[in-house]
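Heads up, the thing below is written out as structure tokens.
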Amino acid sequence: MITPVLPTYARAPLTFTEGSGPWLTTESNEKYLDLGAGIAVNVLGHAHPALVEALETQARRLWHVSNLYEIPHQEALARKLTEISFADTVFFTNSGTEAVELAIKMARKKHHADGNDHKIRFISFGGCFHGRSTGAIALSDAAKMVDGFGPLMPGFTHVPFGDHEALKQAMVGGDVAAVFIEPVQGEGGIRPIPPQCLKGLRELCDEHGALLVFDEIQCGLGRTGKMWAHEWAGVTPDIMTVAKALGGGFPIGATLATEEAAKGMTAGTHGSTYGGNPLGCAIALKVMELLEEESFLPRVSAAAGRLRQGLEGLVAAHPDVFDHVRGEGLMLGLKCKLAPIEVVKAGYDAQVITVPAGDDVCRLLPPLNISDDEIDEGLRRLDAAAAAVSAKLKGGVA
């Protein structure tokens, strides 16, 4: 049957009808262990009781009123995010892409407010992913993101990943509005930026009067074992984009900023019909409450250590399939010696869900509350998947 859905995804032949914790159930009642969590979205697993209760309670009261009015849940969520971050102010969106789009506008508007209309250029890095809107794809250098969509928005410079000299050269000219970077690249292949590099980037931006924008849409909100991935480096950005985990599965994103960085965003300069609606904010407040529990982040670090140790064992057991493990916290990647989709597909047969990424990496982004037993079961299923791929390689099939 031909689907009426636009074919922009190469979808796997799987249909899930229920979810509970890290488990997904198909139409035929088969259970899959979800180590992808909707690409780092289902931070507390599927159908977490506290989130279900928050949704049901708010859904019976008020869903939407528009941003023409004060929204108490939005005010509370913004206050919570500023309390636990560098930020002074927050704008709520429906997605990470929208948060990035605002970050682009905010940076240029700040320099305009300062009388520096020449500061309009943005710098980003090879392998980055900041979303699929017109502005967001201009930040990317990937052919699959930009081919056929030109002319792209002007004013963007792409620097090879890890090339410090190229970065220094790109900053020359006095026209750089902001530098965008993911503290841990997600789509680019689970590539953490070393703390010393983030510190150096902060200093470079300050030297050139440019804003520093951290995209923590995938790596933020506890994923690396700290609330924000950039905390490991001890530096702060001027603007930060978040989404994915913020709603635990409900669509909501946010752009966080210092008062100085956001100075140009006055009444009428930006808006969103649905952004920060009562329903989304009520659920996000519950997510934040659970992430802030005293034992939560230490447990993420413990789980990450257990999973990483197991993955190192997989690499040793299947050297023809895997090269090494990379990443931080529960944002881990298996560098493959073949196309990672082969491992992902073999995982489907072993009833375990992983996510392919760039640089031949298979991503593991499990719920942050995954148990030790579930980690061990995931490793067993990944081992079975790797063994199947290895058998194909030996048979000359893969």
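Going through the structure tokens in order, the chains are called A, B, and so on, while each chain numbers its residues from 1 and the ligands are numbered from 1 in the order shown.
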For this session: Using DSSP on the backbone coordinates, identify all residues within range 50-267 of chain A classified as strand (DSSP E); present the result as a PyMOL selection string.
Result: chain A and resi 89-93+121-125+156-159+176-181+184-185+191-192+211-215+239-242+253-257
Requested write-out: N, CA and C atoms of the selected residues, as an mmCIF file, in the first residue's frame:
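In the end it all went to result08.cif:
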data_model
loop_
_atom_site.group_PDB
_atom_site.id
_atom_site.type_symbol
_atom_site.label_atom_id
_atom_site.label_comp_id
_atom_site.auth_asym_id
_atom_site.auth_seq_id
_atom_site.Cartn_x
_atom_site.Cartn_y
_atom_site.Cartn_z
ATOM 1 N N THR A 89 16.811 34.601 30.903
ATOM 2 C CA THR A 89 15.521 34.650 30.228
ATOM 3 C C THR A 89 15.355 33.429 29.320
ATOM 4 N N VAL A 90 14.093 33.066 29.061
ATOM 5 C CA VAL A 90 13.775 31.856 28.290
ATOM 6 C C VAL A 90 12.618 32.145 27.344
ATOM 7 N N PHE A 91 12.719 31.614 26.127
ATOM 8 C CA PHE A 91 11.586 31.633 25.191
ATOM 9 C C PHE A 91 11.262 30.186 24.845
ATOM 10 N N PHE A 92 9.975 29.826 24.907
ATOM 11 C CA PHE A 92 9.578 28.443 24.653
ATOM 12 C C PHE A 92 9.107 28.233 23.219
ATOM 13 N N THR A 93 9.518 27.107 22.678
ATOM 14 C CA THR A 93 9.207 26.726 21.304
ATOM 15 C C THR A 93 8.551 25.349 21.303
ATOM 16 N N ARG A 121 27.671 37.334 10.773
ATOM 17 C CA ARG A 121 28.140 36.023 10.315
ATOM 18 C C ARG A 121 28.143 34.999 11.455
ATOM 19 N N PHE A 122 27.836 33.752 11.074
ATOM 20 C CA PHE A 122 27.820 32.655 12.040
ATOM 21 C C PHE A 122 28.870 31.615 11.659
ATOM 22 N N ILE A 123 29.454 30.997 12.662
ATOM 23 C CA ILE A 123 30.425 29.926 12.459
ATOM 24 C C ILE A 123 29.881 28.650 13.075
ATOM 25 N N SER A 124 29.983 27.551 12.337
ATOM 26 C CA SER A 124 29.586 26.237 12.837
ATOM 27 C C SER A 124 30.625 25.221 12.395
ATOM 28 N N PHE A 125 30.443 23.965 12.786
ATOM 29 C CA PHE A 125 31.502 22.969 12.632
ATOM 30 C C PHE A 125 31.061 21.746 11.828
ATOM 31 N N PHE A 156 27.125 32.391 6.669
ATOM 32 C CA PHE A 156 27.492 31.228 7.469
ATOM 33 C C PHE A 156 28.845 30.680 7.010
ATOM 34 N N THR A 157 29.721 30.418 7.964
ATOM 35 C CA THR A 157 31.037 29.850 7.692
ATOM 36 C C THR A 157 31.159 28.514 8.398
ATOM 37 N N HIS A 158 31.608 27.492 7.660
ATOM 38 C CA HIS A 158 31.733 26.150 8.224
ATOM 39 C C HIS A 158 33.203 25.802 8.413
ATOM 40 N N VAL A 159 33.545 25.389 9.615
ATOM 41 C CA VAL A 159 34.921 25.061 9.974
ATOM 42 C C VAL A 159 35.029 23.548 10.183
ATOM 43 N N VAL A 176 31.737 38.460 13.006
ATOM 44 C CA VAL A 176 31.117 37.236 13.525
ATOM 45 C C VAL A 176 30.091 37.582 14.605
ATOM 46 N N ALA A 177 28.859 37.169 14.370
ATOM 47 C CA ALA A 177 27.783 37.392 15.347
ATOM 48 C C ALA A 177 27.822 36.341 16.439
ATOM 49 N N ALA A 178 28.033 35.067 16.049
ATOM 50 C CA ALA A 178 28.005 33.993 17.037
ATOM 51 C C ALA A 178 28.644 32.737 16.472
ATOM 52 N N VAL A 179 29.093 31.895 17.389
ATOM 53 C CA VAL A 179 29.594 30.564 17.064
ATOM 54 C C VAL A 179 28.616 29.559 17.652
ATOM 55 N N PHE A 180 28.160 28.626 16.829
ATOM 56 C CA PHE A 180 27.250 27.561 17.259
ATOM 57 C C PHE A 180 28.024 26.257 17.411
ATOM 58 N N ILE A 181 27.822 25.564 18.529
ATOM 59 C CA ILE A 181 28.491 24.286 18.722
ATOM 60 C C ILE A 181 27.682 23.395 19.657
ATOM 61 N N VAL A 184 28.476 18.008 22.758
ATOM 62 C CA VAL A 184 28.673 16.643 22.264
ATOM 63 C C VAL A 184 27.872 16.525 20.980
ATOM 64 N N GLN A 185 28.551 16.336 19.862
ATOM 65 C CA GLN A 185 27.818 16.169 18.601
ATOM 66 C C GLN A 185 26.999 14.887 18.635
ATOM 67 N N ARG A 191 30.444 12.827 19.147
ATOM 68 C CA ARG A 191 31.802 13.377 19.267
ATOM 69 C C ARG A 191 31.821 14.477 20.335
ATOM 70 N N PRO A 192 32.330 14.163 21.538
ATOM 71 C CA PRO A 192 32.421 15.178 22.588
ATOM 72 C C PRO A 192 33.487 16.219 22.247
ATOM 73 N N LEU A 211 29.033 36.106 20.187
ATOM 74 C CA LEU A 211 28.282 35.304 21.143
ATOM 75 C C LEU A 211 28.635 33.828 20.978
ATOM 76 N N LEU A 212 28.522 33.075 22.056
ATOM 77 C CA LEU A 212 28.739 31.635 22.017
ATOM 78 C C LEU A 212 27.409 30.946 22.264
ATOM 79 N N VAL A 213 27.008 30.108 21.313
ATOM 80 C CA VAL A 213 25.731 29.399 21.391
ATOM 81 C C VAL A 213 25.998 27.913 21.550
ATOM 82 N N PHE A 214 25.496 27.329 22.629
ATOM 83 C CA PHE A 214 25.589 25.891 22.833
ATOM 84 C C PHE A 214 24.266 25.252 22.444
ATOM 85 N N ASP A 215 24.334 24.281 21.554
ATOM 86 C CA ASP A 215 23.169 23.485 21.185
ATOM 87 C C ASP A 215 23.180 22.237 22.061
ATOM 88 N N ILE A 239 23.907 31.940 24.776
ATOM 89 C CA ILE A 239 22.602 31.421 24.354
ATOM 90 C C ILE A 239 22.697 29.898 24.347
ATOM 91 N N MET A 240 21.620 29.229 24.700
ATOM 92 C CA MET A 240 21.603 27.762 24.637
ATOM 93 C C MET A 240 20.238 27.289 24.146
ATOM 94 N N THR A 241 20.257 26.291 23.281
ATOM 95 C CA THR A 241 19.018 25.700 22.791
ATOM 96 C C THR A 241 18.828 24.336 23.423
ATOM 97 N N VAL A 242 17.595 24.055 23.868
ATOM 98 C CA VAL A 242 17.257 22.759 24.448
ATOM 99 C C VAL A 242 15.911 22.308 23.888
ATOM 100 N N GLY A 253 10.386 22.900 23.324
ATOM 101 C CA GLY A 253 11.791 23.287 23.280
ATOM 102 C C GLY A 253 11.941 24.651 23.914
ATOM 103 N N ALA A 254 13.182 25.116 24.017
ATOM 104 C CA ALA A 254 13.400 26.416 24.632
ATOM 105 C C ALA A 254 14.726 27.003 24.182
ATOM 106 N N THR A 255 14.758 28.321 24.119
ATOM 107 C CA THR A 255 15.994 29.070 23.902
ATOM 108 C C THR A 255 16.285 29.833 25.176
ATOM 109 N N LEU A 256 17.432 29.558 25.779
ATOM 110 C CA LEU A 256 17.843 30.210 27.016
ATOM 111 C C LEU A 256 18.929 31.233 26.685
ATOM 112 N N ALA A 257 18.941 32.346 27.395
ATOM 113 C CA ALA A 257 19.925 33.387 27.085
ATOM 114 C C ALA A 257 20.201 34.275 28.279
#
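For Gly264 in chain A, the list of residues within 8 Å, based on only C-alpha atoms and with local chain neighbours fewer than 6 positions off taken out, reads Met106, Lys109, Lys110, His111, His112 and Ala113 of chain A.
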Just write the chosen residues, N, CA and C atoms, as a compact mmCIF listing (two decimals), in the first residue's frame.
# COMPACT_ATOMS: atom_id res chain seq x y z
N MET A 106 18.22 36.00 17.51
CA MET A 106 18.61 36.70 18.73
C MET A 106 20.02 37.25 18.63
N LYS A 109 20.12 40.19 16.28
CA LYS A 109 19.37 41.32 16.84
C LYS A 109 20.14 41.98 17.98
N LYS A 110 20.88 41.20 18.74
CA LYS A 110 21.69 41.77 19.83
C LYS A 110 22.73 42.74 19.29
N HIS A 111 23.43 42.30 18.22
CA HIS A 111 24.46 43.17 17.64
C HIS A 111 23.84 44.40 16.98
N HIS A 112 22.67 44.22 16.39
CA HIS A 112 21.95 45.37 15.82
C HIS A 112 21.62 46.38 16.92
N ALA A 113 21.16 45.86 18.06
CA ALA A 113 20.82 46.74 19.19
C ALA A 113 22.04 47.51 19.70
For this session: May I have all residues of range 69-296 of chain A that DSSP, computed from the backbone, assigns to alpha helix (DSSP H), given as a ChimeraX atom specification?
Result: /A:72-83,96-113,134-138,143-146,164-171,195-208,278-291,296
Exercise. Quick one: of A:Pro160, A:Pro4, A:Gly225, A:Pro356, who's nearest to Glu342 in chain A, counting only C-alpha atoms?
Worked result: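 Among the listed residues, A:Pro356 lies closest to Glu342 in chain A.
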For this session: For Val344 in chain A, please output as a PyMOL selection string all residues within 10 Å (counting only C-alpha atoms; exclusion window: fewer than 6 positions along the same chain).
Result: chain A and resi 12+350+352-356+362-363+382+385-386+389
For this session: Give the answer as one residue: which of A:Ile252, A:Ala10, A:Ala229, A:Ala261 has the shortest atom-to-atom distance to Ile193 in chain A, using only C-alpha atoms?
Result: A:Ala229
Exercise. Using only C-alpha atoms, which residues sit within 12 Å of Glu30 in chain A once same-chain residues fewer than 3 positions away are excluded, as a VMD selection string?
Worked result: chain A and resid 14 to 19 23 to 27 33 348 to 352
For this session: Work out how far CA of Pro7 in chain A is from CA of Ser133 in chain A, in Å to one decimal.
Result: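 A separation of 17.6 Å between them.
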For this session: Measure the distance from CA of His270 in chain A to CA of Ala284 in chain A in Å and round it to one decimal.
Result: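 Computing the Euclidean distance for CA of His270 in chain A and CA of Ala284 in chain A yields 22.0 Å.
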Problem set entry | For Leu44 in chain A: contacts at 10 Å, only C-alpha atoms, fewer than 6 positions along chain excluded, given as number ranges by chain | A: 20-22, 37, 50-51, 245, 247-249, 287, 290-291, 366-370
For this session: Just the residues within 12 Å of Glu56 in chain A, please, counting only C-alpha atoms, with nothing from its chain fewer than 6 positions along; format it as a count of residues only.
Result: 9
